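For reference, coords35.pdb (PDB, C-alpha atoms):
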```pdb
ATOM      1  CA  MET A   1       0.000   0.000   0.000
ATOM      2  CA  ASN A   2       1.048   3.556  -0.652
ATOM      3  CA  TYR A   3       0.659   6.262   1.918
ATOM      4  CA  GLU A   4       1.100   9.980   1.718
ATOM      5  CA  VAL A   5       2.639  11.280   4.890
ATOM      6  CA  SER A   6       2.866  14.936   5.669
ATOM      7  CA  VAL A   7       5.076  16.275   8.409
ATOM      8  CA  ASN A   8       4.690  19.784   9.808
ATOM      9  CA  ILE A   9       7.771  20.959  11.637
ATOM     10  CA  MET A  10       7.598  24.166  13.671
ATOM     11  CA  PRO A  11       9.971  25.830  16.114
ATOM     12  CA  HIS A  12       8.967  25.065  19.722
ATOM     13  CA  GLN A  13       6.519  27.524  21.193
ATOM     14  CA  GLY A  14       8.318  30.005  23.373
ATOM     15  CA  LEU A  15      11.492  29.659  21.381
ATOM     16  CA  LEU A  16      12.635  32.724  19.463
ATOM     17  CA  ASP A  17      12.147  32.512  15.718
ATOM     18  CA  PRO A  18      14.434  35.138  14.159
ATOM     19  CA  GLN A  19      13.420  34.204  10.620
ATOM     20  CA  GLY A  20       9.770  34.732  11.472
ATOM     21  CA  LYS A  21      10.568  38.008  13.207
ATOM     22  CA  ALA A  22      12.385  39.293  10.123
ATOM     23  CA  VAL A  23       9.452  38.374   7.902
ATOM     24  CA  ARG A  24       7.016  40.111  10.250
ATOM     25  CA  GLN A  25       9.101  43.283  10.202
ATOM     26  CA  GLY A  26       9.261  43.097   6.404
ATOM     27  CA  LEU A  27       5.493  42.758   6.130
ATOM     28  CA  ASN A  28       4.932  45.609   8.588
ATOM     29  CA  LYS A  29       7.335  47.802   6.636
ATOM     30  CA  ILE A  30       5.307  47.476   3.430
ATOM     31  CA  GLY A  31       2.148  48.483   5.254
ATOM     32  CA  LEU A  32       0.753  45.144   6.398
ATOM     33  CA  ASN A  33       0.600  46.232  10.028
ATOM     34  CA  GLN A  34      -2.152  43.793  10.937
ATOM     35  CA  VAL A  35       0.361  40.941  10.852
ATOM     36  CA  LYS A  36       1.520  40.426  14.430
ATOM     37  CA  ASP A  37       3.371  37.216  14.957
ATOM     38  CA  VAL A  38       5.040  35.116  12.316
ATOM     39  CA  ARG A  39       6.591  31.706  12.807
ATOM     40  CA  ILE A  40       8.249  29.783  10.044
ATOM     41  CA  GLY A  41       8.582  26.038   9.862
ATOM     42  CA  LYS A  42       8.795  23.300   7.291
ATOM     43  CA  LYS A  43       6.232  21.140   5.615
ATOM     44  CA  ILE A  44       7.507  17.856   4.220
ATOM     45  CA  THR A  45       5.438  15.391   2.219
ATOM     46  CA  MET A  46       6.623  11.838   1.564
ATOM     47  CA  HIS A  47       5.253   8.795  -0.191
ATOM     48  CA  ILE A  48       5.803   5.687   1.890
ATOM     49  CA  GLU A  49       5.261   2.049   0.922
ATOM     50  CA  ALA A  50       4.012   0.062   3.900
ATOM     51  CA  LEU A  51       1.718  -2.810   4.790
ATOM     52  CA  ASN A  52      -0.634  -0.640   6.792
ATOM     53  CA  GLU A  53      -1.124   2.827   8.183
ATOM     54  CA  ALA A  54       0.585   2.033  11.492
ATOM     55  CA  GLU A  55       3.735   0.867   9.713
ATOM     56  CA  ALA A  56       3.745   3.989   7.527
ATOM     57  CA  ALA A  57       3.454   6.148  10.640
ATOM     58  CA  LYS A  58       6.330   4.249  12.273
ATOM     59  CA  ILE A  59       8.591   4.815   9.260
ATOM     60  CA  ALA A  60       7.651   8.493   9.224
ATOM     61  CA  GLU A  61       8.463   8.833  12.920
ATOM     62  CA  GLU A  62      11.818   7.142  12.445
ATOM     63  CA  SER A  63      12.586   9.501   9.541
ATOM     64  CA  CYS A  64      11.745  12.461  11.742
ATOM     65  CA  GLN A  65      13.880  11.277  14.642
ATOM     66  CA  LYS A  66      16.891  10.379  12.545
ATOM     67  CA  VAL A  67      16.917  13.050   9.861
ATOM     68  CA  LEU A  68      14.097  15.539   9.564
ATOM     69  CA  VAL A  69      13.575  17.034  12.990
ATOM     70  CA  ASN A  70      15.851  18.665  15.517
ATOM     71  CA  ALA A  71      13.949  17.753  18.681
ATOM     72  CA  VAL A  72      15.791  20.364  20.734
ATOM     73  CA  MET A  73      14.290  23.202  18.724
ATOM     74  CA  GLU A  74      11.409  21.794  16.729
ATOM     75  CA  THR A  75       8.077  20.013  17.181
ATOM     76  CA  ALA A  76       6.789  17.674  14.484
ATOM     77  CA  GLU A  77       3.227  16.724  13.640
ATOM     78  CA  ILE A  78       2.715  13.700  11.398
ATOM     79  CA  THR A  79      -0.411  12.880   9.401
ATOM     80  CA  VAL A  80      -0.778   9.713   7.319
ATOM     81  CA  LYS A  81      -3.243   9.349   4.440
ATOM     82  CA  GLU A  82      -3.778   6.306   2.237
ATOM     83  CA  LEU A  83      -3.259   6.933  -1.466
ATOM     84  CA  ALA A  84      -5.905   5.585  -3.844
TER      85      ALA A  84
ATOM     86  CA  MET B   1     -10.583  40.103  16.216
ATOM     87  CA  ASN B   2      -7.513  37.947  16.122
ATOM     88  CA  TYR B   3      -7.013  35.276  13.542
ATOM     89  CA  GLU B   4      -4.429  32.571  13.187
ATOM     90  CA  VAL B   5      -3.525  32.098   9.577
ATOM     91  CA  SER B   6      -1.450  29.211   8.388
ATOM     92  CA  VAL B   7       0.125  29.146   4.965
ATOM     93  CA  ASN B   8       1.462  25.971   3.397
ATOM     94  CA  ILE B   9       3.882  26.642   0.579
ATOM     95  CA  MET B  10       5.003  23.741  -1.603
ATOM     96  CA  PRO B  11       7.003  23.551  -4.827
ATOM     97  CA  HIS B  12       4.673  23.179  -7.848
ATOM     98  CA  GLN B  13       3.833  19.610  -8.707
ATOM     99  CA  GLY B  14       5.950  18.461 -11.619
ATOM    100  CA  LEU B  15       8.734  20.810 -10.672
ATOM    101  CA  LEU B  16      11.985  19.219  -9.553
ATOM    102  CA  ASP B  17      12.679  19.497  -5.836
ATOM    103  CA  PRO B  18      16.416  18.888  -5.366
ATOM    104  CA  GLN B  19      16.219  19.423  -1.592
ATOM    105  CA  GLY B  20      13.529  16.753  -1.327
ATOM    106  CA  LYS B  21      15.508  14.404  -3.541
ATOM    107  CA  ALA B  22      18.592  14.775  -1.335
ATOM    108  CA  VAL B  23      16.542  14.030   1.773
ATOM    109  CA  ARG B  24      14.984  10.961   0.122
ATOM    110  CA  GLN B  25      18.435   9.641  -0.796
ATOM    111  CA  GLY B  26      19.638  10.281   2.744
ATOM    112  CA  LEU B  27      16.693   8.373   4.232
ATOM    113  CA  ASN B  28      17.180   5.488   1.784
ATOM    114  CA  LYS B  29      20.872   5.336   2.646
ATOM    115  CA  ILE B  30      20.172   4.762   6.346
ATOM    116  CA  GLY B  31      17.832   1.901   5.521
ATOM    117  CA  LEU B  32      14.475   3.653   5.204
ATOM    118  CA  ASN B  33      13.875   2.299   1.698
ATOM    119  CA  GLN B  34      10.112   2.555   1.963
ATOM    120  CA  VAL B  35      10.333   6.316   1.567
ATOM    121  CA  LYS B  36       9.768   7.052  -2.122
ATOM    122  CA  ASP B  37       9.108  10.648  -2.877
ATOM    123  CA  VAL B  38       9.951  13.596  -0.677
ATOM    124  CA  ARG B  39       8.955  17.186  -1.277
ATOM    125  CA  ILE B  40       9.930  19.992   1.012
ATOM    126  CA  GLY B  41       8.028  23.214   1.480
ATOM    127  CA  LYS B  42       7.373  25.820   4.117
ATOM    128  CA  LYS B  43       4.715  26.225   6.736
ATOM    129  CA  ILE B  44       4.177  29.750   8.004
ATOM    130  CA  THR B  45       1.813  30.728  10.791
ATOM    131  CA  MET B  46       0.814  34.342  11.423
ATOM    132  CA  HIS B  47      -1.445  36.156  13.814
ATOM    133  CA  ILE B  48      -3.505  38.749  12.006
ATOM    134  CA  GLU B  49      -5.743  41.466  13.467
ATOM    135  CA  ALA B  50      -8.772  41.993  11.270
ATOM    136  CA  LEU B  51     -12.464  42.855  11.430
ATOM    137  CA  ASN B  52     -13.560  39.532  10.044
ATOM    138  CA  GLU B  53     -12.310  36.314   8.520
ATOM    139  CA  ALA B  54     -12.544  37.606   4.947
ATOM    140  CA  GLU B  55     -10.319  40.584   5.774
ATOM    141  CA  ALA B  56      -7.789  38.322   7.506
ATOM    142  CA  ALA B  57      -7.715  36.088   4.430
ATOM    143  CA  LYS B  58      -7.198  39.125   2.186
ATOM    144  CA  ILE B  59      -4.239  40.324   4.267
ATOM    145  CA  ALA B  60      -2.762  36.820   4.210
ATOM    146  CA  GLU B  61      -3.099  36.640   0.435
ATOM    147  CA  GLU B  62      -1.455  40.018   0.010
ATOM    148  CA  SER B  63       1.419  38.882   2.275
ATOM    149  CA  CYS B  64       1.839  35.774   0.139
ATOM    150  CA  GLN B  65       1.832  37.667  -3.136
ATOM    151  CA  LYS B  66       4.207  40.388  -2.009
ATOM    152  CA  VAL B  67       6.627  38.532   0.253
ATOM    153  CA  LEU B  68       6.072  34.926   1.146
ATOM    154  CA  VAL B  69       5.484  33.039  -2.082
ATOM    155  CA  ASN B  70       7.374  32.821  -5.349
ATOM    156  CA  ALA B  71       4.427  32.089  -7.643
ATOM    157  CA  VAL B  72       6.685  30.865 -10.431
ATOM    158  CA  MET B  73       7.862  27.904  -8.375
ATOM    159  CA  GLU B  74       5.497  27.560  -5.435
ATOM    160  CA  THR B  75       1.836  27.003  -4.639
ATOM    161  CA  ALA B  76       0.332  28.399  -1.448
ATOM    162  CA  GLU B  77      -2.622  27.174   0.555
ATOM    163  CA  ILE B  78      -4.082  29.522   3.160
ATOM    164  CA  THR B  79      -6.261  28.566   6.104
ATOM    165  CA  VAL B  80      -7.750  31.096   8.527
ATOM    166  CA  LYS B  81      -8.893  30.249  12.037
ATOM    167  CA  GLU B  82     -10.389  32.586  14.606
ATOM    168  CA  LEU B  83      -8.483  32.786  17.871
ATOM    169  CA  ALA B  84     -10.479  32.539  21.080
TER     170      ALA B  84
END
```
Starting from the file, lay out its structure as structure tokens.
Amino acid sequence: MNYEVSVNIMPHQGLLDPQGKAVRQGLNKIGLNQVKDVRIGKKITMHIEALNEAEAAKIAEESCQKVLVNAVMETAEITVKELA
Amino acid sequence: MNYEVSVNIMPHQGLLDPQGKAVRQGLNKIGLNQVKDVRIGKKITMHIEALNEAEAAKIAEESCQKVLVNAVMETAEITVKELA
């Protein structure tokens, strides 16, 4: 079976996000003053071949732990969807 | 009113994603061969002050057009949620 896994990786809440701060200042400078707080993370989509959804989720978690996510600074959120 | 807007920005389908390809190869090399196709984009969350949801969405779209998204290479998906 084929699964589409999407992983949202954001900086931990409470942690400074200098990239987001710079973008907010940029938006404010061109007149978009309603924008107050910007945080920038990553969105990764993967296709995973697995026997079932649980196995796909396990592979995704292992990928996050070993490569995709820096657990000291980032939180990851994994969603698994079966592909038709 | 305060709104939380999240913007998912992904490379256009059909466009090469060298960063994603490198990550896929890295995952395959450490034994995660079930991972087939990786695409890497950005997830941006913003707090926006607006009178209503439509105005918040308009400000988010303007931010995307002017700063956040390179329309030649990327597709953006905006979702607006009211904050309690």
Q: Run the PyMOL selection byres ((chain B) within 6 of (chain A)) on the file and write out the hits as a list in words.
A: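 Written out, the selection comes to Gln34, Val35, Lys36, Asp37, Val38, Arg39, Ile40, Gly41, Lys42, Lys43, Ile44, Thr45, Met46, His47, Ile48 and Glu49 of chain B.
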Q | Nearest to Gly14 of chain B by atom-to-atom distance, counting all atoms listed in the file, from B:Glu53, B:Glu61, B:Glu82, B:Glu74 | A | B:Glu74
Q | Using only C-alpha atoms: which of B:Met73, B:Leu83, B:Met1, B:Ala57 has the shortest distance to Asp17 of chain B | A | B:Met73
Q | Interatomic distance (Å, one decimal) between atom CA of Ala54 of chain A and atom CA of Val69 of chain A | A |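 One can read the atom CA of Ala54 of chain A to atom CA of Val69 of chain A distance as 19.9 Å.
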Q) Which value, in Å to one decimal, gives the distance between atom CA of Asn52 of chain A and atom CA of Ala76 of chain A? A) 21.2 Å
Please report, as JSON, the centre and edge lengths in Å to one decimal of an axis-aligned box covering all listed atoms of segment 3-20 of chain A with 3 Å per side.
```
{"center_x": 7.5, "center_y": 20.7, "center_z": 12.5, "size_x": 19.8, "size_y": 34.9, "size_z": 27.7}
```
Q) So what do you get for atom CA of Gln13 of chain B versus atom CA of Val80 of chain B, distance-wise? A)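 These atoms are spaced 23.7 Å apart.
The nearest approach to Pro11 of chain A among the residues A:Lys29, A:Ala84, A:Val72, A:Thr79, with all atoms listed in the file taken into account, belongs to A:Val72.
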File contents for segment 14-41 of chain A with N, CA and C atoms as a PDB file, in the first residue's frame:
```pdb
ATOM      1  N   GLY A  14       7.500  29.390  22.342  1.00  0.00           N
ATOM      2  CA  GLY A  14       8.318  30.005  23.373  1.00  0.00           C
ATOM      3  C   GLY A  14       9.758  30.205  22.945  1.00  0.00           C
ATOM      4  N   LEU A  15      10.145  29.490  21.904  1.00  0.00           N
ATOM      5  CA  LEU A  15      11.492  29.659  21.381  1.00  0.00           C
ATOM      6  C   LEU A  15      11.492  30.837  20.406  1.00  0.00           C
ATOM      7  N   LEU A  16      12.531  31.628  20.424  1.00  0.00           N
ATOM      8  CA  LEU A  16      12.635  32.724  19.463  1.00  0.00           C
ATOM      9  C   LEU A  16      12.686  32.172  18.050  1.00  0.00           C
ATOM     10  N   ASP A  17      12.096  32.912  17.113  1.00  0.00           N
ATOM     11  CA  ASP A  17      12.147  32.512  15.718  1.00  0.00           C
ATOM     12  C   ASP A  17      12.600  33.720  14.896  1.00  0.00           C
ATOM     13  N   PRO A  18      13.920  33.922  14.799  1.00  0.00           N
ATOM     14  CA  PRO A  18      14.434  35.138  14.159  1.00  0.00           C
ATOM     15  C   PRO A  18      14.000  35.282  12.698  1.00  0.00           C
ATOM     16  N   GLN A  19      13.862  34.152  12.010  1.00  0.00           N
ATOM     17  CA  GLN A  19      13.420  34.204  10.620  1.00  0.00           C
ATOM     18  C   GLN A  19      11.986  34.762  10.541  1.00  0.00           C
ATOM     19  N   GLY A  20      11.147  34.252  11.432  1.00  0.00           N
ATOM     20  CA  GLY A  20       9.770  34.732  11.472  1.00  0.00           C
ATOM     21  C   GLY A  20       9.702  36.206  11.842  1.00  0.00           C
ATOM     22  N   LYS A  21      10.558  36.611  12.784  1.00  0.00           N
ATOM     23  CA  LYS A  21      10.568  38.008  13.207  1.00  0.00           C
ATOM     24  C   LYS A  21      10.954  38.921  12.041  1.00  0.00           C
ATOM     25  N   ALA A  22      11.947  38.504  11.273  1.00  0.00           N
ATOM     26  CA  ALA A  22      12.385  39.293  10.123  1.00  0.00           C
ATOM     27  C   ALA A  22      11.270  39.421   9.098  1.00  0.00           C
ATOM     28  N   VAL A  23      10.554  38.329   8.864  1.00  0.00           N
ATOM     29  CA  VAL A  23       9.452  38.374   7.902  1.00  0.00           C
ATOM     30  C   VAL A  23       8.351  39.300   8.406  1.00  0.00           C
ATOM     31  N   ARG A  24       8.048  39.228   9.707  1.00  0.00           N
ATOM     32  CA  ARG A  24       7.016  40.111  10.250  1.00  0.00           C
ATOM     33  C   ARG A  24       7.394  41.571  10.051  1.00  0.00           C
ATOM     34  N   GLN A  25       8.653  41.894  10.369  1.00  0.00           N
ATOM     35  CA  GLN A  25       9.101  43.283  10.202  1.00  0.00           C
ATOM     36  C   GLN A  25       9.005  43.710   8.742  1.00  0.00           C
ATOM     37  N   GLY A  26       9.359  42.797   7.836  1.00  0.00           N
ATOM     38  CA  GLY A  26       9.261  43.097   6.404  1.00  0.00           C
ATOM     39  C   GLY A  26       7.828  43.378   5.992  1.00  0.00           C
ATOM     40  N   LEU A  27       6.909  42.561   6.473  1.00  0.00           N
ATOM     41  CA  LEU A  27       5.493  42.758   6.130  1.00  0.00           C
ATOM     42  C   LEU A  27       4.976  44.073   6.709  1.00  0.00           C
ATOM     43  N   ASN A  28       5.358  44.359   7.964  1.00  0.00           N
ATOM     44  CA  ASN A  28       4.932  45.609   8.588  1.00  0.00           C
ATOM     45  C   ASN A  28       5.473  46.811   7.824  1.00  0.00           C
ATOM     46  N   LYS A  29       6.696  46.679   7.330  1.00  0.00           N
ATOM     47  CA  LYS A  29       7.335  47.802   6.636  1.00  0.00           C
ATOM     48  C   LYS A  29       6.639  48.146   5.315  1.00  0.00           C
ATOM     49  N   ILE A  30       6.027  47.150   4.667  1.00  0.00           N
ATOM     50  CA  ILE A  30       5.307  47.476   3.430  1.00  0.00           C
ATOM     51  C   ILE A  30       3.822  47.741   3.706  1.00  0.00           C
ATOM     52  N   GLY A  31       3.503  48.014   4.950  1.00  0.00           N
ATOM     53  CA  GLY A  31       2.148  48.483   5.254  1.00  0.00           C
ATOM     54  C   GLY A  31       1.199  47.432   5.790  1.00  0.00           C
ATOM     55  N   LEU A  32       1.645  46.186   5.873  1.00  0.00           N
ATOM     56  CA  LEU A  32       0.753  45.144   6.398  1.00  0.00           C
ATOM     57  C   LEU A  32       0.909  45.070   7.924  1.00  0.00           C
ATOM     58  N   ASN A  33       0.397  46.113   8.585  1.00  0.00           N
ATOM     59  CA  ASN A  33       0.600  46.232  10.028  1.00  0.00           C
ATOM     60  C   ASN A  33      -0.279  45.309  10.850  1.00  0.00           C
ATOM     61  N   GLN A  34      -1.252  44.693  10.213  1.00  0.00           N
ATOM     62  CA  GLN A  34      -2.152  43.793  10.937  1.00  0.00           C
ATOM     63  C   GLN A  34      -1.485  42.462  11.253  1.00  0.00           C
ATOM     64  N   VAL A  35      -0.343  42.204  10.619  1.00  0.00           N
ATOM     65  CA  VAL A  35       0.361  40.941  10.852  1.00  0.00           C
ATOM     66  C   VAL A  35       1.203  41.073  12.117  1.00  0.00           C
ATOM     67  N   LYS A  36       0.923  40.226  13.109  1.00  0.00           N
ATOM     68  CA  LYS A  36       1.520  40.426  14.430  1.00  0.00           C
ATOM     69  C   LYS A  36       2.619  39.435  14.787  1.00  0.00           C
ATOM     70  N   ASP A  37       2.425  38.208  14.463  1.00  0.00           N
ATOM     71  CA  ASP A  37       3.371  37.216  14.957  1.00  0.00           C
ATOM     72  C   ASP A  37       3.565  36.195  13.848  1.00  0.00           C
ATOM     73  N   VAL A  38       4.785  36.031  13.422  1.00  0.00           N
ATOM     74  CA  VAL A  38       5.040  35.116  12.316  1.00  0.00           C
ATOM     75  C   VAL A  38       6.009  34.030  12.778  1.00  0.00           C
ATOM     76  N   ARG A  39       5.666  32.799  12.513  1.00  0.00           N
ATOM     77  CA  ARG A  39       6.591  31.706  12.807  1.00  0.00           C
ATOM     78  C   ARG A  39       6.742  30.869  11.547  1.00  0.00           C
ATOM     79  N   ILE A  40       7.973  30.481  11.291  1.00  0.00           N
ATOM     80  CA  ILE A  40       8.249  29.783  10.044  1.00  0.00           C
ATOM     81  C   ILE A  40       8.799  28.394  10.313  1.00  0.00           C
ATOM     82  N   GLY A  41       8.132  27.420   9.730  1.00  0.00           N
ATOM     83  CA  GLY A  41       8.582  26.038   9.862  1.00  0.00           C
ATOM     84  C   GLY A  41       8.644  25.373   8.507  1.00  0.00           C
TER      85      GLY A  41
END
```
